[in-house]
$ cat target-v1.txt   # compact mmCIF, C-alpha atoms
# COMPACT_ATOMS: atom_id res chain seq x y z
CA MET A 1 -14.76 -5.74 -7.94
CA TYR A 2 -11.14 -5.93 -6.87
CA LYS A 3 -8.54 -7.14 -9.38
CA VAL A 4 -6.48 -10.19 -8.39
CA LEU A 5 -3.17 -11.44 -9.82
CA LEU A 6 -2.17 -15.06 -9.12
CA ALA A 7 1.49 -16.12 -9.28
CA ASP A 8 2.54 -19.76 -8.79
CA ASP A 9 4.82 -22.02 -10.83
CA GLU A 10 2.37 -24.93 -10.53
CA GLY A 11 -0.37 -24.71 -13.15
CA LEU A 12 -2.75 -26.87 -11.11
CA VAL A 13 -2.39 -24.58 -8.10
CA ARG A 14 -3.10 -21.53 -10.24
CA GLU A 15 -6.22 -23.13 -11.67
CA LEU A 16 -7.48 -24.22 -8.24
CA LEU A 17 -6.92 -20.76 -6.79
CA LYS A 18 -8.67 -19.13 -9.74
CA LYS A 19 -11.60 -21.56 -9.62
CA ASN A 20 -12.06 -21.19 -5.85
CA LEU A 21 -12.03 -17.39 -6.01
CA GLU A 22 -14.46 -17.34 -8.94
CA LEU A 23 -16.86 -19.64 -7.08
CA SER A 24 -16.68 -17.58 -3.89
CA ASP A 25 -18.96 -14.70 -3.00
CA LEU A 26 -16.01 -12.36 -2.65
CA PRO A 27 -16.01 -9.17 -4.78
CA VAL A 28 -12.86 -10.15 -6.70
CA GLN A 29 -11.92 -10.89 -10.31
CA VAL A 30 -8.82 -12.82 -11.33
CA VAL A 31 -7.43 -10.62 -14.10
CA ALA A 32 -4.20 -12.56 -14.73
CA THR A 33 -2.07 -15.52 -13.69
CA ALA A 34 1.70 -15.97 -13.88
CA GLY A 35 4.02 -18.96 -13.65
CA ASN A 36 7.09 -17.10 -12.38
CA GLY A 37 8.07 -13.90 -10.63
CA ARG A 38 9.33 -12.17 -13.76
CA GLU A 39 6.04 -12.72 -15.56
CA ALA A 40 4.10 -11.70 -12.45
CA LEU A 41 6.03 -8.42 -12.19
CA LYS A 42 5.31 -7.57 -15.83
CA LYS A 43 1.59 -8.24 -15.38
CA ALA A 44 1.50 -6.30 -12.11
CA GLU A 45 2.95 -3.27 -13.90
CA GLU A 46 0.43 -3.58 -16.72
CA LEU A 47 -2.73 -4.34 -14.74
CA LYS A 48 -2.15 -2.68 -11.34
CA PRO A 49 -3.99 -5.41 -9.37
CA ASP A 50 -5.52 -4.63 -6.00
CA ILE A 51 -4.60 -8.05 -4.57
CA ILE A 52 -1.64 -10.30 -5.40
CA ILE A 53 -1.50 -13.95 -4.34
CA SER A 54 2.00 -15.30 -4.83
CA ASP A 55 4.02 -18.41 -4.10
CA ILE A 56 7.51 -17.98 -2.63
CA VAL A 57 9.41 -20.58 -4.67
CA MET A 58 9.19 -19.73 -8.39
CA PRO A 59 11.69 -19.81 -11.28
CA PHE A 60 13.53 -16.78 -12.73
CA MET A 61 12.46 -14.58 -9.82
CA ASN A 62 11.18 -15.99 -6.54
CA GLY A 63 8.28 -14.56 -4.57
CA LEU A 64 10.40 -12.49 -2.20
CA GLU A 65 12.39 -10.95 -5.08
CA PHE A 66 9.08 -10.25 -6.81
CA LEU A 67 7.76 -8.43 -3.73
CA SER A 68 10.98 -6.44 -3.46
CA GLN A 69 10.62 -5.34 -7.09
CA LEU A 70 7.01 -4.29 -6.43
CA GLN A 71 8.26 -2.03 -3.64
CA GLU A 72 10.97 -0.50 -5.82
CA ARG A 73 8.38 0.33 -8.49
CA ASN A 74 5.90 1.71 -5.92
CA LEU A 75 3.29 -0.83 -7.01
CA THR A 76 0.90 -0.96 -4.09
CA ALA A 77 -1.32 -4.00 -3.60
CA LYS A 78 -2.49 -6.21 -0.79
CA ILE A 79 -0.33 -9.31 -0.89
CA LEU A 80 -1.04 -12.87 0.20
CA ILE A 81 2.01 -15.16 0.24
CA ILE A 82 1.44 -18.89 -0.03
CA SER A 83 4.28 -21.28 0.68
CA GLY A 84 5.03 -24.89 1.43
CA TYR A 85 8.00 -23.91 3.54
CA ASP A 86 7.21 -23.62 7.23
CA GLU A 87 10.26 -21.49 8.03
CA PHE A 88 10.21 -18.35 10.12
CA GLU A 89 12.78 -16.53 7.94
CA TYR A 90 10.41 -16.62 4.94
CA ALA A 91 7.53 -15.19 6.94
CA GLN A 92 9.79 -12.58 8.55
CA LYS A 93 11.17 -11.43 5.21
CA ALA A 94 7.70 -11.41 3.64
CA ILE A 95 6.35 -9.21 6.45
CA SER A 96 9.22 -6.74 5.94
CA LEU A 97 8.17 -6.49 2.28
CA GLY A 98 4.63 -5.45 3.13
CA VAL A 99 2.82 -8.78 2.97
CA SER A 100 -0.74 -8.61 4.31
CA GLU A 101 -1.38 -12.34 4.80
CA TYR A 102 0.67 -15.56 4.82
CA LEU A 103 -0.70 -19.08 4.23
CA LEU A 104 1.17 -22.37 4.41
CA LYS A 105 0.36 -25.11 1.89
CA PRO A 106 -1.79 -27.11 1.99
CA PHE A 107 -4.67 -24.90 3.07
CA LEU A 108 -8.44 -25.13 2.85
CA PRO A 109 -10.55 -22.92 0.56
CA GLN A 110 -12.10 -21.39 3.67
CA GLU A 111 -8.65 -20.27 4.84
CA LEU A 112 -8.01 -18.68 1.44
CA PHE A 113 -11.36 -16.88 1.55
CA ALA A 114 -10.71 -15.62 5.08
CA ALA A 115 -7.29 -14.23 4.11
CA VAL A 116 -8.61 -12.56 0.96
CA ASN A 117 -11.59 -11.16 2.84
CA LYS A 118 -9.24 -9.49 5.35
CA MET A 119 -7.45 -7.76 2.48
CA ILE A 120 -10.78 -6.68 0.96
CA GLU A 121 -11.76 -5.12 4.29
CA GLN A 122 -8.46 -3.23 4.33
CA LEU A 123 -9.05 -1.99 0.79
CA ASN A 124 -12.58 -0.89 1.69
CA GLN A 125 -11.27 1.05 4.68
CA GLU A 126 -8.65 2.74 2.51
CA LYS A 127 -11.33 3.77 0.02
CA VAL A 128 -13.36 5.37 2.79
CA SER A 129 -10.24 7.15 4.05
CA GLU A 130 -9.41 8.41 0.54
CA ILE A 131 -12.92 9.78 0.07
CA SER A 132 -12.63 11.52 3.43
CA TRP A 133 -9.37 13.18 2.43
CA GLN A 134 -10.83 14.26 -0.93
CA GLU A 135 -13.81 15.80 0.84
CA ARG A 136 -11.36 17.78 2.96
CA GLY A 137 -9.70 19.11 -0.18
CA VAL A 138 -6.59 16.92 -0.20
CA SER A 139 -5.48 16.37 -3.81
CA GLY A 140 -4.79 13.07 -5.54
CA LYS A 141 -1.07 13.83 -5.47
CA GLU A 142 -1.23 14.39 -1.73
CA ILE A 143 -3.15 11.13 -1.28
CA ASP A 144 -0.27 9.36 -3.08
CA GLN A 145 2.10 11.06 -0.65
CA ILE A 146 0.00 9.81 2.25
CA GLU A 147 0.35 6.26 0.91
CA ILE A 148 4.13 6.74 1.06
CA LEU A 149 3.73 7.93 4.63
CA ASP A 150 1.85 4.76 5.54
CA ARG A 151 5.03 2.82 4.81
CA LYS A 152 7.06 5.14 7.04
CA GLY A 153 5.01 4.53 10.16
CA PRO A 154 2.11 5.97 12.13
CA GLN A 155 4.07 8.90 13.58
CA ALA A 156 5.00 10.22 10.12
CA VAL A 157 1.42 9.73 8.95
CA GLN A 158 0.08 11.72 11.87
CA ALA A 159 2.62 14.53 11.49
CA VAL A 160 2.15 15.28 7.79
CA ARG A 161 -1.59 14.65 7.65
CA ALA A 162 -2.17 16.95 10.61
CA ALA A 163 0.10 19.64 9.19
CA GLN A 164 -1.58 19.56 5.76
CA CYS A 165 -5.02 19.85 7.32
CA TYR A 166 -3.93 22.72 9.56
CA ILE A 167 -2.43 24.56 6.58
CA LYS A 168 -5.64 24.10 4.58
CA ASP A 169 -7.75 25.51 7.42
CA HIS A 170 -5.46 28.54 7.95
CA LEU A 171 -4.42 29.55 4.42
CA GLN A 172 -5.68 33.10 4.96
CA ASP A 173 -3.57 33.59 8.09
CA GLY A 174 -0.58 35.67 7.00
CA ARG A 175 1.30 34.77 10.18
CA LEU A 176 1.06 31.00 9.65
CA SER A 177 4.45 29.36 10.20
CA ILE A 178 6.00 25.94 10.68
CA ASP A 179 6.67 26.79 14.34
CA GLU A 180 2.99 27.45 14.96
CA THR A 181 1.91 24.37 12.98
CA ALA A 182 4.37 22.10 14.79
CA GLU A 183 3.09 23.34 18.14
CA VAL A 184 -0.55 22.76 17.20
CA VAL A 185 0.02 19.23 15.81
CA HIS A 186 2.33 18.35 18.75
CA PHE A 187 5.51 17.51 16.85
CA SER A 188 8.93 19.12 17.05
CA VAL A 189 9.76 21.73 14.42
CA SER A 190 12.86 19.81 13.29
CA TYR A 191 10.95 16.53 12.85
CA LEU A 192 8.05 18.16 11.00
CA ARG A 193 10.42 20.10 8.74
CA GLN A 194 12.33 16.93 7.83
CA ILE A 195 9.37 14.59 7.19
CA PHE A 196 7.33 17.31 5.44
CA LYS A 197 10.10 17.99 2.91
CA GLU A 198 10.80 14.28 2.42
CA VAL A 199 7.19 13.44 1.61
CA THR A 200 5.82 16.50 -0.22
CA GLY A 201 9.01 17.51 -2.02
CA ASP A 202 8.53 21.10 -0.78
CA ASN A 203 9.65 22.75 2.40
CA PHE A 204 6.90 24.19 4.59
CA ASN A 205 6.96 27.72 3.13
CA GLU A 206 7.10 26.48 -0.47
CA TYR A 207 4.12 24.24 0.17
CA LEU A 208 2.20 27.06 1.88
CA ILE A 209 2.82 29.48 -1.00
CA ARG A 210 1.80 26.90 -3.59
CA LYS A 211 -1.45 26.10 -1.77
CA ARG A 212 -2.27 29.80 -1.48
CA MET A 213 -1.65 30.29 -5.21
CA GLU A 214 -3.88 27.30 -6.02

$ encode --input "target-v1.txt" --output "structure tokens"
Amino acid sequence: MYKVLLADDEGLVRELLKKNLELSDLPVQVVATAGNGREALKKAEELKPDIIISDIVMPFMNGLEFLSQLQERNLTAKILIISGYDEFEYAQKAISLGVSEYLLKPFLPQELFAAVNKMIEQLNQEKVSEISWQERGVSGKEIDQIEILDRKGPQAVQAVRAAQCYIKDHLQDGRLSIDETAEVVHFSVSYLRQIFKEVTGDNFNEYLIRKRME
């Protein structure tokens, strides 16, 4: 079951959302509700929900400010924004803050289920990917680093993932170097050096030595 946090300043809306999700066949559980962004942020920090459904217009801290705070705290969740404001700037800003789905009020229960189901499919795919990385010997810390990469774009993901896998497969090679690795994974040495240090916290040689010691 995936944990869901609902945030909306209208109590009736919160209850309807909760009731609809509980009556659905979706593998979700509403673990908390919040009436404003400040309360939602506190509960998100405490409960680490997998899915957050949030209104945009809320007191104390609106939905967009709430999403921005989630990013700053590295709280990762699939996010569905619901709003009564059919304005492009809201949707554009929400997308820049990592929103997975966007629904305009009023919407049908079937539309809610479809949006949540998309996020569940994404979570399922991420679980499969995480298991795959663990089977290849990538640590939990490195998986966290990969999640950071996902926010940096597909090129960064490809560069560091490929480099880490190549290092793992060639730990016994005393001649292994960043030049060789960059050539094999088809990225420039300067780019790989920069993104590798930024994500792992180690430069290439430091990382290689640490993995050999482990």

$ atom_distance --input "target-v1.txt" --atom1 "CA of Glu15 in chain A" --atom2 "CA of Gly35 in chain A"
11.2 Å

$ atom_distance --input "target-v1.txt" --atom1 "CA of Glu111 in chain A" --atom2 "CA of Asn74 in chain A"
28.5 Å

$ atom_distance --input "target-v1.txt" --atom1 "CA of Leu64 in chain A" --atom2 "CA of Tyr102 in chain A"
12.4 Å

$ closest_residue --input "target-v1.txt" --among "A:Ile79, A:Met61, A:Leu67, A:Leu108" --to "Val4 in chain A" --atoms "only C-alpha atoms"
A:Ile79

$ residues_around --input "target-v1.txt" --residues "Leu41 in chain A" --least-positions-apart "3" --cutoff "8 Å" --atoms "all atoms listed in the file" --output "ChimeraX atom specification"
/A:37-38,44-45,66,69-70

$ closest_residue --input "target-v1.txt" --among "A:Asp9, A:Leu47, A:Gln172, A:Leu21" --to "Ala34 in chain A" --atoms "all atoms listed in the file"
A:Asp9

$ closest_residue --input "target-v1.txt" --among "A:Leu17, A:Val30, A:Ala77, A:Ile195" --to "Pro109 in chain A" --atoms "only C-alpha atoms"
A:Leu17

$ residues_around --input "target-v1.txt" --residues "Gly63 in chain A" --least-positions-apart "6" --cutoff "8 Å" --atoms "all atoms listed in the file" --output "short mmCIF file (atom, residue, chain, number, x, y, z; two decimals) with C-alpha atoms, in the coordinates of the input"
data_model
loop_
_atom_site.label_atom_id
_atom_site.label_comp_id
_atom_site.auth_asym_id
_atom_site.auth_seq_id
_atom_site.Cartn_x
_atom_site.Cartn_y
_atom_site.Cartn_z
CA GLY A 37 8.07 -13.90 -10.63
CA SER A 54 2.00 -15.30 -4.83
CA ASP A 55 4.02 -18.41 -4.10
CA ILE A 56 7.51 -17.98 -2.63
CA VAL A 57 9.41 -20.58 -4.67
CA ILE A 81 2.01 -15.16 0.24
#
